[in-house]
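Visitor: Sharing a structure here in structure tokens format.
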Amino acid sequence: QVQLVESGGGLVQAGASLRLSCAASGRTFSSYAMGWFRQAPGKERECVAAISGSGGTTYYVDSVKGRSTISRDNAKNTVYLQMNSLKPEDTAVYYCATASKYYSRNYYTREEEYAYWGQGTQVTVSS
């Protein structure tokens, strides 16, 4: 049974930093791409960042590019999202997900390409 558990969310002021973590279990972690998605109230869920199984390739949505870093520690079965210079528009529930395809070189950005999801962690950025 695949499980993903996010942590690290919270309430911060604009300009602060947060590091989200997602601990995975139940499958060979390094064989699958991972993604961080977020959903703000009244908006569709979007892919914020994604990383290949090996960690060699990454993706960032334009709105977080330069402010966020996705990384993974395959020895710890954990993926991270470091977010700096947070803005009120970053407020959302953040979800990690693990891809459906067994292929370590790619990352994926569409929801339908992910098989398992965490429960989400709330990030609230006050102005």
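Residues are referred to by chain and number: the chain letter is A, B, ... according to the order shown in the structure tokens, the number counts from 1 in that chain, and ligands are numbered separately from 1 in the order shown.
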Compile the contact shell of stretch 84-97 of chain A as a ChimeraX atom specification: residues with an atom at most 9 Å away, counting only C-alpha atoms, same-chain residues fewer than 6 positions apart removed.

Guide: /A:4-6,9,12-22,33-41,48,63-64,66-69,111,114-127

Visitor: Excluding stretch 103-107 of chain A and its own-chain neighbours fewer than 3 positions away, which residues fall within 6 Å of it when counting only C-alpha atoms? Please give them as a ChimeraX atom specification.

Guide: /A:31-33,50-54

Visitor: DSSP on the backbone: which residues in stretch 38-71 of chain A end up as strand (DSSP E)? Give the answer as a ChimeraX atom specification.

Guide: /A:38-39,46-51,58-60,68-71

Visitor: List every residue of stretch 18-126 of chain A that DSSP, applied to the backbone, labels as helix (DSSP H, G or I), and write the result as a compact mmCIF listing (two decimals) with C-alpha atoms, in the first residue's frame.

Guide:
```txt
# COMPACT_ATOMS: atom_id res chain seq x y z
CA PHE A 29 10.67 5.38 -4.33
CA SER A 30 13.53 6.12 -6.71
CA SER A 31 11.75 4.49 -9.64
CA PRO A 88 0.08 35.68 -0.28
CA GLU A 89 -0.76 34.14 -3.65
CA ASP A 90 1.18 31.02 -2.60
CA GLU A 111 -2.66 15.21 -12.44
CA GLU A 112 -3.66 12.17 -14.47
CA GLU A 113 -0.02 11.13 -14.66
```

Visitor: Please report the interatomic distance between atom CA of A:Met83 and atom CA of A:Tyr60 in Å with one decimal.

Guide: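 Separation between atom CA of A:Met83 and atom CA of A:Tyr60: 11.5 Å.
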
Visitor: Using only C-alpha atoms, determine which residues lie at most 8 Å from A:Thr78, disregarding the query and same-chain residues fewer than 2 positions distant; provide the list as an MDAnalysis selection string.

Guide: chainID A and resid 21:24 72:76 80

Visitor: Can you work out the spacing between atom CA of A:Cys47 and atom CA of A:Gly26 in Å, to one decimal?

Guide: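 Computing it gives 23.0 Å between the two atoms.
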